[in-house]
$ cat structure_9.txt   # compact mmCIF, C-alpha atoms
# COMPACT_ATOMS: atom_id res chain seq x y z
CA MET A 51 25.72 9.94 -4.77
CA ASN A 52 26.75 10.51 -8.39
CA ASN A 53 28.74 13.36 -9.78
CA LEU A 54 28.18 14.29 -13.40
CA SER A 55 31.30 15.80 -14.88
CA THR A 56 30.50 19.18 -16.41
CA GLU A 57 33.36 18.69 -18.87
CA THR A 58 31.73 15.65 -20.45
CA GLN A 59 29.09 16.31 -23.10
CA ILE A 60 26.96 13.19 -23.27
CA ASP A 61 24.37 12.65 -26.01
CA TYR A 62 21.69 11.16 -23.79
CA LYS A 63 19.21 10.87 -26.64
CA PHE A 64 21.69 8.58 -28.41
CA TYR A 65 21.88 6.33 -25.36
CA PHE A 66 18.14 6.36 -24.78
CA ASP A 67 17.49 5.52 -28.44
CA LYS A 68 19.86 2.52 -28.23
CA SER A 69 18.45 1.34 -24.90
CA VAL A 70 16.34 -1.82 -24.54
CA SER A 71 12.96 -2.25 -22.88
CA TYR A 72 12.54 -4.12 -19.61
CA GLU A 73 11.11 -7.06 -21.56
CA LYS A 74 14.16 -7.13 -23.86
CA TYR A 75 16.45 -6.78 -20.83
CA LEU A 76 14.79 -9.89 -19.34
CA GLN A 77 15.17 -11.77 -22.63
CA ASN A 78 18.84 -10.79 -22.88
CA PHE A 79 19.29 -11.96 -19.27
CA GLN A 80 17.77 -15.38 -20.07
CA ASP A 81 19.91 -15.63 -23.20
CA GLU A 82 23.05 -15.01 -21.16
CA ILE A 83 22.03 -17.64 -18.60
CA ALA A 84 21.44 -20.09 -21.47
CA ILE A 85 25.05 -19.90 -22.67
CA GLY A 86 26.19 -21.19 -19.26
CA ASP A 87 29.90 -21.15 -18.57
CA LYS A 88 30.58 -19.26 -21.79
CA SER A 89 29.42 -16.21 -19.86
CA GLU A 90 32.21 -14.66 -17.81
CA PHE A 91 29.65 -14.08 -15.05
CA ALA A 92 27.83 -17.42 -15.15
CA GLU A 93 28.13 -17.98 -11.38
CA TYR A 94 26.10 -14.83 -10.55
CA LEU A 95 23.34 -15.05 -13.13
CA PRO A 96 20.96 -17.77 -11.85
CA GLN A 97 20.68 -16.28 -8.37
CA ASN A 98 20.22 -12.77 -9.75
CA TRP A 99 17.53 -14.07 -12.10
CA GLN A 100 15.79 -15.80 -9.20
CA ARG A 101 15.78 -12.58 -7.13
CA LEU A 102 14.53 -10.49 -10.01
CA SER A 103 11.81 -12.96 -11.03
CA ARG A 104 10.53 -13.27 -7.48
CA MET A 105 10.15 -9.52 -7.21
CA ASP A 106 8.53 -9.21 -10.61
CA ARG A 107 5.87 -11.65 -9.37
CA LYS A 108 5.40 -10.48 -5.78
CA LEU A 109 6.39 -6.84 -5.36
CA LYS A 110 3.62 -4.38 -4.58
CA LEU A 111 4.38 -0.69 -4.56
CA LYS A 112 3.81 1.27 -1.36
CA GLU A 113 0.69 3.41 -1.48
CA ASP A 114 2.51 6.76 -1.26
CA LEU A 115 4.82 5.80 -4.13
CA GLN A 116 1.90 4.49 -6.20
CA ASN A 117 0.01 7.76 -5.64
CA ALA A 118 3.02 9.94 -6.48
CA VAL A 119 3.76 8.16 -9.72
CA GLN A 120 0.12 8.26 -10.80
CA ASN A 121 0.09 12.04 -10.28
CA LEU A 122 3.11 12.85 -12.43
CA GLU A 123 2.48 15.95 -14.52
CA LYS A 124 5.34 15.72 -17.03
CA ASN A 125 6.62 12.94 -19.24
CA VAL A 126 10.15 11.84 -18.41
CA ASN A 127 12.62 9.23 -19.61
CA TRP A 128 14.39 6.90 -17.22
CA LEU A 129 17.68 5.46 -18.48
CA VAL A 130 19.21 2.68 -16.36
CA ILE A 131 22.89 1.71 -16.62
CA ASN A 132 23.01 -1.94 -15.70
CA GLU A 133 24.47 -5.45 -16.16
CA HIS A 134 22.94 -8.89 -15.60
CA TRP A 135 25.72 -9.91 -13.20
CA CYS A 136 24.96 -7.02 -10.84
CA GLY A 137 23.28 -8.17 -7.63
CA ASP A 138 22.03 -4.66 -6.82
CA ALA A 139 20.39 -4.45 -10.25
CA SER A 140 18.52 -7.68 -9.59
CA GLN A 141 17.12 -6.11 -6.42
CA ILE A 142 16.38 -2.64 -7.81
CA ASN A 143 15.40 -2.99 -11.48
CA PRO A 144 12.08 -4.77 -10.76
CA VAL A 145 11.10 -1.89 -8.47
CA ILE A 146 12.00 0.67 -11.14
CA ASN A 147 9.92 -1.27 -13.66
CA LYS A 148 6.91 -1.43 -11.31
CA VAL A 149 7.08 2.35 -10.88
CA VAL A 150 7.18 2.81 -14.65
CA GLU A 151 4.21 0.47 -15.10
CA ALA A 152 2.26 2.49 -12.54
CA SER A 153 3.01 5.78 -14.33
CA ASN A 154 0.37 5.27 -17.03
CA GLY A 155 2.88 6.06 -19.77
CA MET A 156 4.34 9.18 -18.13
CA ILE A 157 7.74 7.48 -17.66
CA SER A 158 9.54 5.84 -20.57
CA LEU A 159 12.14 3.28 -19.48
CA GLY A 160 15.27 2.03 -21.19
CA PHE A 161 18.26 -0.09 -20.14
CA VAL A 162 21.83 0.19 -21.40
CA TYR A 163 24.76 -2.01 -20.47
CA ARG A 164 27.60 -0.49 -18.49
CA ASP A 165 30.45 -2.39 -20.11
CA GLU A 166 29.36 -1.38 -23.63
CA ASN A 167 28.95 2.27 -22.70
CA GLU A 168 32.05 3.42 -20.83
CA GLU A 169 31.61 7.11 -21.69
CA LEU A 170 28.15 7.07 -20.11
CA ILE A 171 29.10 5.28 -16.88
CA ASP A 172 32.24 7.38 -16.54
CA ALA A 173 30.01 10.48 -16.47
CA HIS A 174 28.11 8.93 -13.54
CA LEU A 175 30.77 7.50 -11.25
CA THR A 176 29.81 6.80 -7.65
CA ASN A 177 31.84 9.03 -5.32
CA GLY A 178 33.74 10.18 -8.40
CA ARG A 179 35.64 6.90 -8.76
CA SER A 180 33.53 3.75 -8.95
CA ARG A 181 31.57 2.37 -11.91
CA SER A 182 28.92 1.00 -9.56
CA ILE A 183 25.51 0.12 -10.96
CA PRO A 184 22.61 0.32 -11.43
CA ILE A 185 22.49 4.04 -12.11
CA LEU A 186 19.10 5.57 -12.90
CA ILE A 187 19.25 8.77 -14.95
CA GLU A 188 16.11 10.86 -15.33
CA LEU A 189 15.95 12.79 -18.59
CA ASP A 190 13.40 15.41 -19.57
CA SER A 191 11.60 15.40 -22.93
CA ASP A 192 14.67 17.05 -24.51
CA TYR A 193 16.99 14.40 -22.99
CA ASN A 194 18.60 16.74 -20.48
CA VAL A 195 19.60 15.20 -17.15
CA VAL A 196 17.11 16.10 -14.43
CA ASN A 197 18.23 13.76 -11.68
CA THR A 198 20.31 10.65 -11.00
CA TYR A 199 20.03 7.82 -8.50
CA GLY A 200 22.15 4.86 -7.58
CA PRO A 201 23.76 2.51 -7.21
CA ARG A 202 21.82 1.45 -4.08
CA PRO A 203 19.97 2.86 -1.05
CA ALA A 204 22.14 4.92 1.32
CA GLU A 205 22.05 2.37 4.15
CA ALA A 206 23.15 -0.39 1.77
CA GLN A 207 25.88 1.85 0.33
CA LYS A 208 27.18 2.52 3.85
CA LEU A 209 27.24 -1.23 4.54
CA VAL A 210 29.23 -1.84 1.34
CA GLU A 211 31.73 0.93 2.06
CA GLU A 212 32.27 -0.20 5.66
CA THR A 213 32.70 -3.83 4.62
CA LEU A 214 35.22 -2.90 1.93
CA ALA A 215 37.12 -0.65 4.37
CA GLN A 216 37.51 -3.67 6.66
CA GLY A 217 38.80 -5.77 3.73
CA GLY A 218 35.70 -7.96 3.63
CA ALA A 219 33.41 -9.23 0.89
CA TYR A 220 30.05 -7.47 0.89
CA ASN A 221 27.92 -9.76 -1.28
CA ILE A 222 26.33 -11.85 1.50
CA PRO A 223 25.81 -9.00 4.01
CA LEU A 224 24.38 -6.80 1.25
CA HIS A 225 21.82 -9.35 0.05
CA THR A 226 20.95 -10.19 3.67
CA TRP A 227 20.22 -6.47 4.11
CA TYR A 228 18.04 -6.46 0.97
CA ALA A 229 16.14 -9.53 2.22
CA LYS A 230 15.37 -7.83 5.54
CA ASP A 231 14.53 -4.48 3.95
CA LYS A 232 12.07 -6.05 1.45
CA GLN A 233 12.56 -3.23 -1.08
CA GLN A 234 11.26 -0.58 1.33
CA ALA A 235 14.34 1.67 1.10
CA ILE A 236 14.45 1.63 -2.70
CA GLN A 237 10.76 2.53 -2.81
CA ASP A 238 11.31 5.40 -0.37
CA ASP A 239 14.27 6.56 -2.47
CA LEU A 240 12.26 6.41 -5.69
CA LEU A 241 9.46 8.39 -4.05
CA ALA A 242 11.96 11.10 -3.11
CA PHE A 243 13.44 10.88 -6.62
CA ILE A 244 10.03 11.46 -8.22
CA GLN A 245 9.17 14.32 -5.90
CA LYS A 246 12.38 16.30 -6.54
$ encode --input "structure_9.txt" --output "structure tokens"
Amino acid sequence: MNNLSTETQIDYKFYFDKSVSYEKYLQNFQDEIAIGDKSEFAEYLPQNWQRLSRMDRKLKLKEDLQNAVQNLEKNVNWLVINEHWCGDASQINPVINKVVEASNGMISLGFVYRDENEELIDAHLTNGRSRSIPILIELDSDYNVVNTYGPRPAEAQKLVEETLAQGGAYNIPLHTWYAKDKQQAIQDDLLAFIQK
């Protein structure tokens, strides 16, 4: 879904070194909620936090995904481009974190913020034009790009594109889709991502 421009030379090690852990990402999220209306995105944050927290507590990985991640043979780095206001991130980041936790240290995870890292997101535009997030970038031990994923499962992406083409707002239909899907599609996608 993403097209990396071959003209752009990105220092991925720089971005991974400046990234924050999942725990720090959660702390930053709570800190932004705490400032209330001073945040430009205050209206989105509490619901996104609620979604994310519920999944952190309740999500169980599918057995095939659990097995695949526990059998990884090489260490990799996962860099996620993200923002707290992003509804897709609130649905997907907890799944990514659960996969990393199940990897027994084979996957290192870091989060960077889209709006502070325009060069990075612009190298990973969705359909060559949209700064959609989250974007998961897999890097090898030398910080070369191995694979990318995002911003959402294909069925959800189709729903968004069709809704936008009809001039509608996709937020409610998209999160209704996520509620029905129960993170099955993202887990299937991450399994395919790992097995590439």
$ residues_around --input "structure_9.txt" --residues "Leu170 in chain A" --least-positions-apart "2" --cutoff "9 Å" --atoms "all atoms listed in the file" --output "count of residues only"
11
$ closest_residue --input "structure_9.txt" --among "A:Asp87, A:Glu123, A:Asp81, A:Asp106" --to "Asn154 in chain A" --atoms "all atoms listed in the file"
A:Glu123
$ residues_around --input "structure_9.txt" --residues "range 147-151 of chain A" --least-positions-apart "6" --cutoff "9 Å" --atoms "all atoms listed in the file" --output "list in words"
Tyr72, Asp106, Leu109, Lys110, Leu111, Leu115, Gln116, Val119, Trp128, Ile157, Ser158, Leu159, Gln237 and Leu240 of chain A
$ residues_around --input "structure_9.txt" --residues "Gly86 in chain A" --least-positions-apart "6" --cutoff "10 Å" --atoms "all atoms listed in the file" --output "MDAnalysis selection string"
chainID A and resid 92:93 95:96
$ atom_distance --input "structure_9.txt" --atom1 "CA of Ala139 in chain A" --atom2 "CA of Lys68 in chain A"
19.3 Å
$ residues_near_point --input "structure_9.txt" --point "(22.2, 7.0, -13.4)" --cutoff "7 Å" --atoms "only C-alpha atoms" --output "MDAnalysis selection string"
chainID A and resid 129:131 174 184:187 198:200
$ atom_distance --input "structure_9.txt" --atom1 "CA of Ile83 in chain A" --atom2 "CA of Gln100 in chain A"
11.4 Å
$ atom_distance --input "structure_9.txt" --atom1 "CA of Glu113 in chain A" --atom2 "CA of Asp138 in chain A"
23.4 Å
$ decode --input "structure_9.txt" --residues "range 120-233 of chain A" --atoms "C-alpha atoms" --output "compact mmCIF listing (two decimals), in the first residue's frame"
# COMPACT_ATOMS: atom_id res chain seq x y z
CA GLN A 120 7.86 -17.08 18.46
CA ASN A 121 9.74 -18.79 15.62
CA LEU A 122 11.42 -15.69 14.20
CA GLU A 123 15.02 -16.42 13.26
CA LYS A 124 16.38 -12.90 12.82
CA ASN A 125 16.23 -9.78 14.97
CA VAL A 126 14.35 -6.92 13.36
CA ASN A 127 13.32 -3.39 14.26
CA TRP A 128 9.76 -2.18 13.88
CA LEU A 129 9.35 1.59 13.52
CA VAL A 130 5.78 2.90 13.69
CA ILE A 131 4.80 6.35 12.37
CA ASN A 132 1.87 7.41 14.47
CA GLU A 133 -0.12 10.14 16.29
CA HIS A 134 -2.37 9.98 19.35
CA TRP A 135 -5.32 11.49 17.45
CA CYS A 136 -5.31 8.69 14.87
CA GLY A 137 -8.23 6.31 15.31
CA ASP A 138 -6.56 3.59 13.24
CA ALA A 139 -3.48 3.78 15.46
CA SER A 140 -5.64 3.21 18.53
CA GLN A 141 -6.95 0.03 16.91
CA ILE A 142 -3.66 -1.25 15.48
CA ASN A 143 -0.83 -0.22 17.83
CA PRO A 144 -1.93 -2.52 20.69
CA VAL A 145 -1.83 -5.46 18.27
CA ILE A 146 1.64 -4.50 17.08
CA ASN A 147 2.80 -4.26 20.69
CA LYS A 148 1.35 -7.69 21.56
CA VAL A 149 3.25 -9.20 18.63
CA VAL A 150 6.46 -7.56 19.82
CA GLU A 151 5.89 -8.84 23.37
CA ALA A 152 5.42 -12.36 22.01
CA SER A 153 8.67 -12.19 20.01
CA ASN A 154 10.91 -12.86 23.02
CA GLY A 155 13.12 -9.90 22.17
CA MET A 156 13.48 -10.68 18.45
CA ILE A 157 11.54 -7.52 17.49
CA SER A 158 12.54 -4.11 18.82
CA LEU A 159 9.73 -1.55 18.66
CA GLY A 160 9.81 2.23 18.45
CA PHE A 161 7.23 4.94 17.77
CA VAL A 162 7.80 8.27 16.04
CA TYR A 163 5.28 11.04 15.51
CA ARG A 164 4.18 11.82 11.98
CA ASP A 165 3.84 15.57 12.35
CA GLU A 166 7.38 15.93 13.74
CA ASN A 167 8.91 13.77 11.02
CA GLU A 168 7.64 14.96 7.65
CA GLU A 169 10.59 13.59 5.67
CA LEU A 170 9.89 10.11 7.04
CA ILE A 171 6.14 10.07 6.39
CA ASP A 172 6.63 11.62 2.96
CA ALA A 173 8.79 8.62 2.05
CA HIS A 174 5.88 6.34 3.00
CA LEU A 175 2.80 7.96 1.51
CA THR A 176 -0.29 5.81 1.05
CA ASN A 177 -1.10 5.51 -2.66
CA GLY A 178 1.69 8.00 -3.27
CA ARG A 179 -0.30 10.95 -1.92
CA SER A 180 -1.70 10.55 1.59
CA ARG A 181 0.10 10.88 4.93
CA SER A 182 -2.13 8.19 6.43
CA ILE A 183 -1.01 6.45 9.61
CA PRO A 184 -0.05 4.26 11.33
CA ILE A 185 2.73 3.05 9.07
CA LEU A 186 4.82 0.12 10.28
CA ILE A 187 8.32 -0.05 8.81
CA GLU A 188 10.38 -3.19 9.32
CA LEU A 189 14.12 -2.56 9.42
CA ASP A 190 16.88 -5.15 9.46
CA SER A 191 19.80 -5.05 11.91
CA ASP A 192 21.53 -2.49 9.64
CA TYR A 193 18.36 -0.32 9.52
CA ASN A 194 17.55 -1.08 5.92
CA VAL A 195 13.84 -1.22 5.02
CA VAL A 196 12.67 -4.81 4.69
CA ASN A 197 8.92 -4.28 4.53
CA THR A 198 6.19 -1.73 5.23
CA TYR A 199 2.57 -2.03 6.32
CA GLY A 200 -0.27 0.38 6.80
CA PRO A 201 -2.23 2.40 7.36
CA ARG A 202 -5.00 -0.18 7.92
CA PRO A 203 -6.22 -3.60 6.72
CA ALA A 204 -7.20 -3.74 3.03
CA GLU A 205 -10.93 -4.13 3.69
CA ALA A 206 -10.90 -1.10 6.00
CA GLN A 207 -8.88 0.88 3.45
CA LYS A 208 -11.44 0.05 0.76
CA LEU A 209 -14.24 1.22 3.06
CA VAL A 210 -12.42 4.53 3.68
CA GLU A 211 -11.73 5.13 -0.01
CA GLU A 212 -15.31 4.34 -1.04
CA THR A 213 -16.76 6.56 1.70
CA LEU A 214 -14.49 9.45 0.73
CA ALA A 215 -15.36 8.98 -2.97
CA GLN A 216 -19.03 9.41 -2.04
CA GLY A 217 -18.21 12.59 -0.08
CA GLY A 218 -18.94 11.00 3.29
CA ALA A 219 -17.18 10.91 6.64
CA TYR A 220 -15.58 7.54 7.34
CA ASN A 221 -14.91 7.71 11.09
CA ILE A 222 -18.09 5.96 12.31
CA PRO A 223 -18.26 3.30 9.55
CA LEU A 224 -14.55 2.58 10.00
CA HIS A 225 -14.73 2.06 13.77
CA THR A 226 -17.92 0.01 13.34
CA TRP A 227 -15.91 -2.19 10.96
CA TYR A 228 -13.09 -2.50 13.53
CA ALA A 229 -15.61 -3.42 16.26
CA LYS A 230 -17.06 -6.21 14.12
CA ASP A 231 -13.67 -7.44 12.92
CA LYS A 232 -12.26 -7.66 16.48
CA GLN A 233 -8.66 -7.18 15.28
